[in-house]
>>> print(open('protein-v3.cif').read())   # mmCIF, C-alpha atoms
data_coords
loop_
_atom_site.label_atom_id
_atom_site.label_comp_id
_atom_site.auth_asym_id
_atom_site.auth_seq_id
_atom_site.Cartn_x
_atom_site.Cartn_y
_atom_site.Cartn_z
CA MET A 810 209.19 169.26 93.51
CA ASN A 811 211.14 171.56 95.85
CA ARG A 812 210.29 169.41 98.83
CA ARG A 813 211.50 166.27 97.09
CA LEU A 814 214.75 168.00 96.03
CA PHE A 815 215.31 169.29 99.57
CA SER A 816 214.86 165.84 101.12
CA LEU A 817 217.16 164.31 98.51
CA LEU A 818 219.86 166.89 99.31
CA ALA A 819 219.44 166.27 103.04
CA LEU A 820 219.84 162.53 102.51
CA ALA A 821 222.92 163.06 100.34
CA SER A 822 224.53 165.28 102.97
CA LEU A 823 224.09 162.55 105.57
CA LEU A 824 225.86 160.05 103.35
CA LEU A 825 228.89 162.27 102.76
CA PRO A 826 231.73 161.88 105.28
CA GLY A 827 231.67 165.18 107.15
CA CYS A 828 234.52 164.41 109.54
CA SER A 829 236.66 162.05 107.51
CA GLY A 830 239.94 162.82 109.29
CA TYR A 831 238.62 162.96 112.84
CA GLN A 832 239.18 160.23 115.40
CA LEU A 833 238.07 159.91 118.99
CA GLY A 834 240.63 160.07 121.77
CA GLY A 835 244.04 161.65 121.96
CA THR A 836 246.74 161.44 119.36
CA LYS A 837 249.78 160.59 121.43
CA PRO A 838 253.34 161.35 120.37
CA GLN A 839 254.89 158.44 118.46
CA ARG A 840 257.40 157.61 121.22
CA LEU A 841 254.54 157.31 123.76
CA SER A 842 252.03 155.46 121.58
CA HIS A 843 252.70 152.09 123.24
CA ILE A 844 251.96 153.47 126.74
CA THR A 845 248.36 153.26 127.93
CA LYS A 846 248.74 152.98 131.71
CA LEU A 847 250.73 155.43 133.82
CA HIS A 848 251.79 155.41 137.43
CA ILE A 849 252.38 158.83 138.97
CA PRO A 850 254.20 158.93 142.30
CA THR A 851 254.21 162.15 144.29
CA PHE A 852 256.43 164.75 142.65
CA GLU A 853 259.71 165.57 144.37
CA ASN A 854 259.81 169.05 145.85
CA ASP A 855 263.13 170.91 145.75
CA THR A 856 261.52 174.07 147.11
CA LEU A 857 260.77 175.00 150.68
CA GLU A 858 257.02 175.27 150.09
CA PRO A 859 255.18 172.70 152.24
CA ARG A 860 252.56 170.43 150.64
CA LEU A 861 253.30 171.74 147.14
CA ALA A 862 254.31 168.33 145.79
CA VAL A 863 250.91 166.82 146.57
CA MET A 864 249.10 169.82 145.05
CA VAL A 865 251.08 169.55 141.80
CA THR A 866 250.75 165.76 141.60
CA ASN A 867 246.99 165.94 142.11
CA ALA A 868 246.67 168.61 139.42
CA VAL A 869 248.57 166.42 136.93
CA ILE A 870 246.47 163.35 137.77
CA LYS A 871 243.23 165.31 137.33
CA GLN A 872 244.33 166.62 133.94
CA ILE A 873 245.37 163.17 132.72
CA GLN A 874 242.04 161.71 133.84
CA ALA A 875 240.17 164.56 132.14
CA GLY A 876 242.09 164.05 128.89
CA GLY A 877 241.60 160.28 128.82
CA ALA A 878 244.82 159.48 126.90
CA TYR A 879 246.24 157.43 129.78
CA GLU A 880 244.85 155.35 132.59
CA ILE A 881 246.26 156.04 136.07
CA VAL A 882 247.16 152.77 137.81
CA ASN A 883 249.39 151.35 140.56
CA ALA A 884 253.08 150.82 139.87
CA ASP A 885 252.76 147.06 139.33
CA GLU A 886 250.12 147.49 136.61
CA ALA A 887 251.69 150.44 134.79
CA ASP A 888 253.35 150.50 131.37
CA ALA A 889 255.41 153.53 132.46
CA VAL A 890 256.02 155.87 135.38
CA LEU A 891 255.73 159.66 135.22
CA LYS A 892 258.23 161.15 137.68
CA GLY A 893 258.27 164.86 138.34
CA ARG A 894 260.38 167.34 140.26
CA ILE A 895 259.39 170.85 141.31
CA ASP A 896 262.55 172.86 140.74
CA MET A 897 261.65 176.41 141.57
CA ILE A 898 259.01 178.82 142.83
CA ASP A 899 259.46 182.50 142.17
CA ARG A 900 257.26 185.13 143.75
CA SER A 901 257.44 188.73 142.63
CA GLN A 902 255.42 191.89 142.72
CA TRP A 903 253.24 192.24 139.63
CA ARG A 904 251.44 195.45 140.53
CA SER A 905 251.81 197.80 143.43
CA VAL A 906 249.41 200.03 145.28
CA ARG A 907 249.10 203.29 143.37
CA THR A 908 250.01 205.46 146.35
CA ASN A 909 252.77 203.20 147.72
CA THR A 910 255.02 201.35 145.27
CA LEU A 911 256.53 199.21 148.02
CA ARG A 912 253.19 197.66 148.89
CA THR A 913 252.13 194.80 146.64
CA ARG A 914 248.63 194.72 145.16
CA GLU A 915 249.07 191.80 142.76
CA LEU A 916 251.49 188.92 143.09
CA LEU A 917 253.11 186.94 140.26
CA VAL A 918 253.96 183.33 141.11
CA ARG A 919 256.11 181.27 138.73
CA LEU A 920 256.48 177.51 138.99
CA ARG A 921 259.14 175.45 137.18
CA THR A 922 258.81 171.67 136.98
CA GLY A 923 260.77 168.94 135.25
CA TYR A 924 259.40 165.50 134.43
CA LYS A 925 260.33 162.24 132.76
CA ILE A 926 258.46 159.14 131.66
CA ILE A 927 260.26 155.88 132.38
CA ASP A 928 259.01 152.70 130.72
CA GLY A 929 259.00 149.18 132.18
CA SER A 930 262.58 148.48 131.10
CA GLY A 931 263.87 151.47 133.05
CA SER A 932 264.76 153.67 130.10
CA THR A 933 263.57 157.25 129.81
CA VAL A 934 261.05 157.50 126.98
CA HIS A 935 260.29 161.20 127.29
CA ASN A 936 261.40 164.10 129.44
CA GLY A 937 260.62 167.76 129.56
CA ARG A 938 260.40 170.95 131.55
CA VAL A 939 257.27 173.00 132.15
CA ASN A 940 257.02 176.59 133.35
CA SER A 941 253.79 178.18 134.49
CA GLU A 942 252.73 181.36 136.18
CA SER A 943 249.78 182.79 137.98
CA TYR A 944 248.67 186.26 139.02
CA VAL A 945 246.64 186.93 142.13
CA VAL A 946 245.22 190.04 143.74
CA LEU A 947 246.32 190.05 147.35
CA ALA A 948 243.53 189.87 149.88
CA SER A 949 243.80 190.77 153.54
CA ASN A 950 245.15 187.26 154.23
CA PHE A 951 248.43 187.01 152.33
CA GLN A 952 248.91 183.27 152.92
CA VAL A 953 245.51 182.36 151.45
CA SER A 954 246.12 184.55 148.41
CA GLU A 955 249.55 183.04 147.84
CA ARG A 956 248.18 179.50 148.20
CA GLN A 957 245.50 180.25 145.60
CA ALA A 958 248.17 181.53 143.23
CA LEU A 959 250.25 178.38 143.75
CA SER A 960 247.19 176.21 143.13
CA GLU A 961 246.40 178.03 139.89
CA ALA A 962 250.04 177.84 138.75
CA ALA A 963 249.99 174.08 139.47
CA GLU A 964 246.83 173.65 137.40
CA ARG A 965 248.30 175.63 134.49
CA MET A 966 251.49 173.60 134.69
CA ALA A 967 249.48 170.37 134.67
CA VAL A 968 247.57 171.42 131.55
CA THR A 969 250.81 172.15 129.72
CA LEU A 970 252.47 168.92 130.87
CA VAL A 971 249.52 166.76 129.89
CA ASN A 972 249.28 168.46 126.49
CA GLU A 973 252.95 167.65 125.89
CA ILE A 974 252.54 163.95 126.65
CA SER A 975 249.05 163.51 125.14
CA ASP A 976 249.07 165.51 121.91
CA GLY A 977 251.34 164.20 119.19
CA TRP A 978 250.81 166.83 116.59
#
>>> encode(input="protein-v3.cif", output="structure tokens")
Amino acid sequence: MNRRLFSLLALASLLLPGCSGYQLGGTKPQRLSHITKLHIPTFENDTLEPRLAVMVTNAVIKQIQAGGAYEIVNADEADAVLKGRIDMIDRSQWRSVRTNTLRTRELLVRLRTGYKIIDGSGSTVHNGRVNSESYVVLASNFQVSERQALSEAAERMAVTLVNEISDGW
């Protein structure tokens, strides 16, 4: 009797809707719901950091592809264009060497980026500003450490930007 009751309960639990409100894919903001294909040109770089625009653009493209809310296409196939501008990089000392406060041990890198989505008619559908930061322990090669911090800040910025344009709740 117990075995029959257990199998009946198992069958009943399969018939009940366990995830009745869940849907696959992203829930885009209402103003972006008609956009499925995006073109992303290289971000403009208002800083003096070389090759930063390509690093940030690639990070945004990777995050959009990972999220799956939009398809990345050429300009002639796109429903809208995502244009971005890197406004500012700020580097500051986060932690110093214990015995010498003028010598940096950890570096804080802040990245500020603005973006806008322009639809096929040329009107701005959405715009925003994203700030991100990254901390890095300085190695013997300062340039490599700083580049790693910039890369991580770009990835964090891309995650925030893509969440803003992909998640509508």
>>> closest_residue(input="protein-v3.cif", among="A:Ala948, A:Leu970, A:Val890, A:Ile881", to="Thr922 (chain A)", atoms="all atoms listed in the file")
A:Leu970
>>> atom_distance(input="protein-v3.cif", atom1="CA of Ile849 (chain A)", atom2="CA of Tyr944 (chain A)")
27.7 Å
>>> atom_distance(input="protein-v3.cif", atom1="CA of Leu920 (chain A)", atom2="CA of Ile895 (chain A)")
7.6 Å
>>> resolve_selection(input="protein-v3.cif", expression="the PyMOL selection byres ((chain A and resi 878) around 10)", output="PyMOL selection string")
chain A and resi 834-837+842+844-847+873-877+879-881+971+974-976
>>> resolve_selection(input="protein-v3.cif", expression="the PyMOL selection byres ((chain A and resi 894) around 10)", output="list of chain:residue names")
A:Thr851, A:Phe852, A:Glu853, A:Asn854, A:Asp855, A:Thr856, A:Ala862, A:Val865, A:Thr866, A:Lys892, A:Gly893, A:Ile895, A:Asp896, A:Met897, A:Arg921, A:Thr922, A:Gly923, A:Tyr924, A:Lys925, A:Arg938
>>> atom_distance(input="protein-v3.cif", atom1="CA of Ser930 (chain A)", atom2="CA of Met864 (chain A)")
28.8 Å
>>> axis_aligned_box(input="protein-v3.cif", around="region 869-885 of chain A", padding_each_side="5 Å", output="JSON")
{"center_x": 246.6, "center_y": 156.8, "center_z": 133.7, "size_x": 22.9, "size_y": 29.6, "size_z": 23.7}
>>> residues_around(input="protein-v3.cif", residues="Val918 (chain A)", least_positions_apart="2", cutoff="12 Å", atoms="only C-alpha atoms", output="NGL selection string")
:A and (897-903 or 915-916 or 920-921 or 940-947 or 954-963 or 965-966)
>>> closest_residue(input="protein-v3.cif", among="A:Asn909, A:Thr969, A:Glu964, A:Phe815", to="Asn867 (chain A)", atoms="only C-alpha atoms")
A:Glu964
>>> closest_residue(input="protein-v3.cif", among="A:Val953, A:Leu917, A:Ala884, A:Leu891", to="Ile870 (chain A)", atoms="all atoms listed in the file")
A:Leu891
>>> closest_residue(input="protein-v3.cif", among="A:Val869, A:Thr933, A:Phe951, A:Thr908", to="Ala967 (chain A)", atoms="only C-alpha atoms")
A:Val869
>>> closest_residue(input="protein-v3.cif", among="A:Val863, A:Ala889, A:Leu814, A:Ala819", to="His848 (chain A)", atoms="only C-alpha atoms")
A:Ala889
